[in-house]
Structures are given as C-alpha cells and as structure tokens.
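These notes are about the structure you will find just below.
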Amino acid sequence: TNKLVAAVGAMGSGQSAEEVGGYRVFKVHSGSPAEEAGLEVFFDFVTEIGGKKMDSDQASFYHAIQEAVNQRTKMVVHNIRTQDVRDVLVTPRKWAGNGLLGALVRYDTLDNAESQGIRVLNVFENSPARQAGLVPYKDFLLGTTEVMFRDLDELVEIVNLFDGRKVQIYVYNSDSETIREVTLVPDSKWGGHGCIGADIRTGILHRIPPPRKNVAALNHTQATLPHLQQQQQQQQQTHALQSALSPVAAHAQPAALPDATQLVDPAQPLPTQPQQPHEAVAVQPPAAVPQPASVEPQVAS
C-alpha cells in the first residue's frame, strides 16, 4: 500500500512500536529546487533520498543532499493530509538563495500527525485575528517555521511569547486547499477576549478535511510534464533541422502535445457544511508567561 506502517514488536515481548518519521518541511523558499519539486509545508515528510532511508541523525539528510548535487534525484515523500506516499524528483544545486535545496526541514515522527492543526471557528471584529485575515470555519492554524501546532498549549505559548509583536503563522484553507503565510500580532490589550480574538478548536470534529482534488492525477501530471516538455523540444529541434534541409519539410508541423490540464480530472467538490462547535475555546494568556516550547535543531538545506 501507499501508507507507511510502523513495525511492531512481537506480542508479549514488551517492545514498543518503532517510530516512523522523516524530515518535515517547515519552509520552502520561492524559486528554490524544493519549490520546483512541489514540496508542501507542514504536510510533507521526506523519508528517503536517493534510495537512502532517513533517520533522526541530521547528518543523514545533509549527506544525502550533498551527494545528489546537480543530479536529478528521487525523494520519497509522505503527505499526512492525503495519506499518500509519492516519488518526487529534485535536483539539489546552487541557486539564488541559501542551501542546495532551499527548504527548512526538521526530523519529526508521523504519530498522531493527522490530528494536527487548529481550526478557526469565529473571528471577532477589530481583533488581531481579523486584521490577519483569518477565515472562520475554513482556516486551520498550522504553526511557524520553528514549531508545528499539535495542540492548543503550543499555540498559547507562541501567542503569549509574541504578545505585541509580529509572528508569521502558516495557515491552511480548506476551501482553496492551499497554505499561506499570515502575519499575526497577538495583543492582550486589543479590547476584546483573548490575545488574538478568535474562537478556536482542536479534536476529531475539527481535523483538517481530506483533499477534494484528484491528488493521484496531480502527482502524475507533475511527473509527466518534464518528459512532455523535453519531447516537445526534441520535436521542435527536428522540425527546425528538416526546414533547413528541405523547403518542403518546412510545411510539416510537429505533433501537438496534449494540454496539461487534460491530464487532470475535474475536481469534484464535496459539501463543506461546517459542523457546529459543542463548546467555544478562546485563547487567553495564563497568569504566568510560559517559556516557549523547546525546538529541536533544524536543518537548512
């Protein structure tokens, strides 16, 4: 199957299930090899590079990228939103930005990954959440470039740490099925309830919904387009050579390639009737400002 399965020890041996993880994508820089490869922030875990499985040792990721410089290399990527494993072709190289990949990654496990993300229910008028452009019932707060939100406590820590200051938050929208980066300025003195002025919720009723788009077709298109473009270039070169050799050949036209949009079936949107919350949760600063959650060292490639 296309799902990663943790290896489980023999029954009665007392051995715990082996953790399965990979290098989670925290940021993808514009114009980078990582962006060209279609890596998705928050949801993508790189579990294998060039046939080598990744582990928690950061050197494994670093060396795998170094060995693949200027080579078209296959990465195995697990996506926790689609619950799919796909092959991604990437060419690590020097580009206009930092690193060879142009992505910020950190090792993380896949356990309980599908329950992550914090849903925005209501956004109060004139609140920091309103100024940030958060959309009620459609937006999910994912995290920052340093920490991904697994529960409300982690969000509360970030909110109170940045009280009165700007913080960049990754937000997933279930209508557009895209991730955007918003600037949020938590403010305990904004004049309303909480620091951000929004009712938020986690739990089984507020998980990020499964994708509506035909993910398999999109992945097939991404893998097929480079081949089609190369084939078209070869046909154009052949046509130019024939034109130079024979005036008659100049009238021959290269075979038309199929429109890329025809490779993807039209999306069939499902009803998105929001569920009524059974209680409201508002983020309030605790009496004592907690210390930020400890963040594991990050690997920038």
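We name chains A, B, ... following the order of the structure tokens; residues begin at 1 in each chain, and ligands are numbered from 1 as shown.
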Please identify every residue of stretch 76-178 of chain A that has at least one atom no farther than 9 Å from an atom of stretch 54-63 of chain A, counting only C-alpha atoms, and for each give the shortest atom pair and the distance in Å to one decimal, arranged by chain then increasing number, as a Markdown table.
| residue | atom | partner | partner_atom | distance |
| --- | --- | --- | --- | --- |
| A:Arg106 | CA | A:Gln58 | CA | 8.2 |
| A:Tyr107 | CA | A:Ser56 | CA | 5.8 |
| A:Asp108 | CA | A:Ser56 | CA | 7.9 |
Mind the document's chain letters and residue numbers, and return as a PyMOL selection string the residues of stretch 18-178 of chain A that DSSP labels strand (DSSP E or B).
chain A and resi 21-28+44-49+52-53+73-79+84-90+103-109+118-123+139-143+148+167-173+178
Do you know which residues are at most 8 Å from A:Val135 counting only C-alpha atoms, after dropping those on the same chain fewer than 2 positions away, and could you put them as an MDAnalysis selection string?
chainID A and resid 120 123 133 137:139
Output file for the residues above (all heavy atoms, as a PDB file, in the first residue's frame):
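Saved as out_27.pdb:
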ATOM      1  N   VAL A 120     -10.008  27.480  13.112  1.00  0.00           N
ATOM      2  CA  VAL A 120     -10.569  28.775  13.482  1.00  0.00           C
ATOM      3  C   VAL A 120     -12.080  28.712  13.316  1.00  0.00           C
ATOM      4  O   VAL A 120     -12.578  28.426  12.218  1.00  0.00           O
ATOM      5  CB  VAL A 120      -9.977  29.900  12.601  1.00  0.00           C
ATOM      6  CG1 VAL A 120     -10.611  31.238  12.960  1.00  0.00           C
ATOM      7  CG2 VAL A 120      -8.467  29.964  12.760  1.00  0.00           C
ATOM      8  N   VAL A 123     -14.169  34.676  14.350  1.00  0.00           N
ATOM      9  CA  VAL A 123     -13.188  35.747  14.390  1.00  0.00           C
ATOM     10  C   VAL A 123     -13.915  37.021  14.816  1.00  0.00           C
ATOM     11  O   VAL A 123     -14.882  37.434  14.182  1.00  0.00           O
ATOM     12  CB  VAL A 123     -12.517  35.953  13.012  1.00  0.00           C
ATOM     13  CG1 VAL A 123     -11.573  37.142  13.048  1.00  0.00           C
ATOM     14  CG2 VAL A 123     -11.772  34.693  12.600  1.00  0.00           C
ATOM     15  N   GLY A 133      -6.567  38.485   8.708  1.00  0.00           N
ATOM     16  CA  GLY A 133      -7.324  37.919   7.588  1.00  0.00           C
ATOM     17  C   GLY A 133      -7.721  36.476   7.774  1.00  0.00           C
ATOM     18  O   GLY A 133      -7.968  35.767   6.782  1.00  0.00           O
ATOM     19  N   TYR A 137     -14.158  29.009  10.160  1.00  0.00           N
ATOM     20  CA  TYR A 137     -14.564  27.668   9.750  1.00  0.00           C
ATOM     21  C   TYR A 137     -13.755  27.104   8.578  1.00  0.00           C
ATOM     22  O   TYR A 137     -13.860  25.917   8.281  1.00  0.00           O
ATOM     23  CB  TYR A 137     -16.058  27.624   9.396  1.00  0.00           C
ATOM     24  CG  TYR A 137     -16.953  27.818  10.578  1.00  0.00           C
ATOM     25  CD1 TYR A 137     -17.530  29.062  10.834  1.00  0.00           C
ATOM     26  CD2 TYR A 137     -17.227  26.771  11.450  1.00  0.00           C
ATOM     27  CE1 TYR A 137     -18.348  29.249  11.928  1.00  0.00           C
ATOM     28  CE2 TYR A 137     -18.042  26.949  12.558  1.00  0.00           C
ATOM     29  CZ  TYR A 137     -18.602  28.194  12.796  1.00  0.00           C
ATOM     30  OH  TYR A 137     -19.404  28.378  13.889  1.00  0.00           O
ATOM     31  N   LYS A 138     -12.965  27.910   7.908  1.00  0.00           N
ATOM     32  CA  LYS A 138     -12.214  27.445   6.737  1.00  0.00           C
ATOM     33  C   LYS A 138     -10.711  27.392   6.974  1.00  0.00           C
ATOM     34  O   LYS A 138     -10.012  26.660   6.280  1.00  0.00           O
ATOM     35  CB  LYS A 138     -12.495  28.345   5.523  1.00  0.00           C
ATOM     36  CG  LYS A 138     -13.960  28.483   5.179  1.00  0.00           C
ATOM     37  CD  LYS A 138     -14.580  27.159   4.789  1.00  0.00           C
ATOM     38  CE  LYS A 138     -16.041  27.330   4.401  1.00  0.00           C
ATOM     39  NZ  LYS A 138     -16.679  26.030   4.083  1.00  0.00           N
ATOM     40  N   ASP A 139     -10.223  28.184   7.939  1.00  0.00           N
ATOM     41  CA  ASP A 139      -8.789  28.269   8.180  1.00  0.00           C
ATOM     42  C   ASP A 139      -8.358  27.367   9.332  1.00  0.00           C
ATOM     43  O   ASP A 139      -9.077  27.227  10.335  1.00  0.00           O
ATOM     44  CB  ASP A 139      -8.375  29.712   8.485  1.00  0.00           C
ATOM     45  CG  ASP A 139      -8.155  30.537   7.234  1.00  0.00           C
ATOM     46  OD1 ASP A 139      -8.160  29.948   6.131  1.00  0.00           O
ATOM     47  OD2 ASP A 139      -7.977  31.767   7.346  1.00  0.00           O
TER      48      ASP A 139
END
Pick out each residue of stretch 128-163 of chain A that DSSP on the backbone tags as alpha helix (DSSP H); I need them as a list in words.
Pro128, Ala129, Arg130, Gln131, Leu152, Asp153, Glu154, Leu155, Val156, Glu157, Ile158, Val159, Asn160 and Leu161 of chain A
Interatomic distance between atom CA of A:Pro128 and atom CA of A:Pro210?
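Separation between atom CA of A:Pro128 and atom CA of A:Pro210: 28.7 Å.
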Within 12 Å of A:Met148, counting only C-alpha atoms, which residues show up once you throw out same-chain ones fewer than 4 positions away? Write them as a ChimeraX atom specification, please.
/A:24-27,41-43,105-108,113,115-118,140-144,152-155,157-158,169-171,293-296
Preceding selection exported with C-alpha atoms as a CSV table (one decimal), in the first residue's frame:
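Okay, selection_15.csv is ready:
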chain,number,residue,atom,x,y,z
A,24,ARG,CA,9.2,17.6,7.9
A,25,VAL,CA,9.2,20.6,5.6
A,26,PHE,CA,8.9,23.8,7.7
A,27,LYS,CA,9.6,26.3,4.9
A,41,VAL,CA,5.0,22.9,4.0
A,42,PHE,CA,3.6,21.2,7.2
A,43,PHE,CA,2.2,18.2,5.4
A,105,VAL,CA,13.4,20.9,7.5
A,106,ARG,CA,13.4,19.1,10.8
A,107,TYR,CA,13.1,15.5,11.8
A,108,ASP,CA,9.6,14.6,13.2
A,113,ALA,CA,0.1,13.7,12.6
A,115,SER,CA,-4.9,15.3,14.3
A,116,GLN,CA,-2.6,18.4,14.0
A,117,GLY,CA,-3.7,21.8,13.0
A,118,ILE,CA,-6.0,24.1,15.0
A,140,PHE,CA,-6.5,26.0,10.2
A,141,LEU,CA,-3.5,27.3,12.1
A,142,LEU,CA,-0.6,25.0,11.4
A,143,GLY,CA,2.5,26.5,13.0
A,144,THR,CA,5.6,28.7,12.5
A,152,LEU,CA,-3.7,24.4,21.9
A,153,ASP,CA,-1.0,24.6,24.5
A,154,GLU,CA,1.7,25.1,21.8
A,155,LEU,CA,-0.4,27.9,20.2
A,157,GLU,CA,2.9,29.6,24.2
A,158,ILE,CA,3.6,31.2,20.8
A,169,ILE,CA,1.9,31.7,11.0
A,170,TYR,CA,1.2,29.1,8.4
A,171,VAL,CA,-2.5,28.8,7.7
A,293,ALA,CA,8.4,25.1,23.6
A,294,SER,CA,11.8,23.6,23.1
A,295,VAL,CA,12.6,23.3,19.5
A,296,GLU,CA,14.9,20.6,18.1
One number please: atom CA of A:Ile65 to atom CA of A:Asp84, in Å, one decimal.
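If I compute the distance from atom CA of A:Ile65 to atom CA of A:Asp84, I get 23.0 Å.
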Hey, which of A:Ile80, A:Ala64, A:Met75, A:Ile208 ends up closest to A:Asp175? Count only C-alpha atoms.
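Smallest distance to A:Asp175 is found for A:Ile208.
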Which residues of stretch 146-165 of chain A come within 9 Å of stretch 182-194 of chain A, and for each one, what is the closest pair of atoms and their distance in Å to one decimal, counting only C-alpha atoms, sorted by chain and residue number, as a Markdown table?
| residue | atom | partner | partner_atom | distance |
| --- | --- | --- | --- | --- |
| A:Val159 | CA | A:Pro186 | CA | 5.9 |
| A:Asn160 | CA | A:Pro186 | CA | 7.5 |
| A:Phe162 | CA | A:Pro186 | CA | 6.4 |
| A:Asp163 | CA | A:Pro186 | CA | 4.9 |
| A:Gly164 | CA | A:Asp187 | CA | 5.0 |
| A:Arg165 | CA | A:Val185 | CA | 5.4 |
Calculated over only C-alpha atoms, which of the candidates A:Gln168, A:Thr47, A:Ser30, A:Thr178 has the smallest distance to A:Ala132?
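Looking only at the distances to A:Ala132, the closest residue turns out to be A:Gln168.
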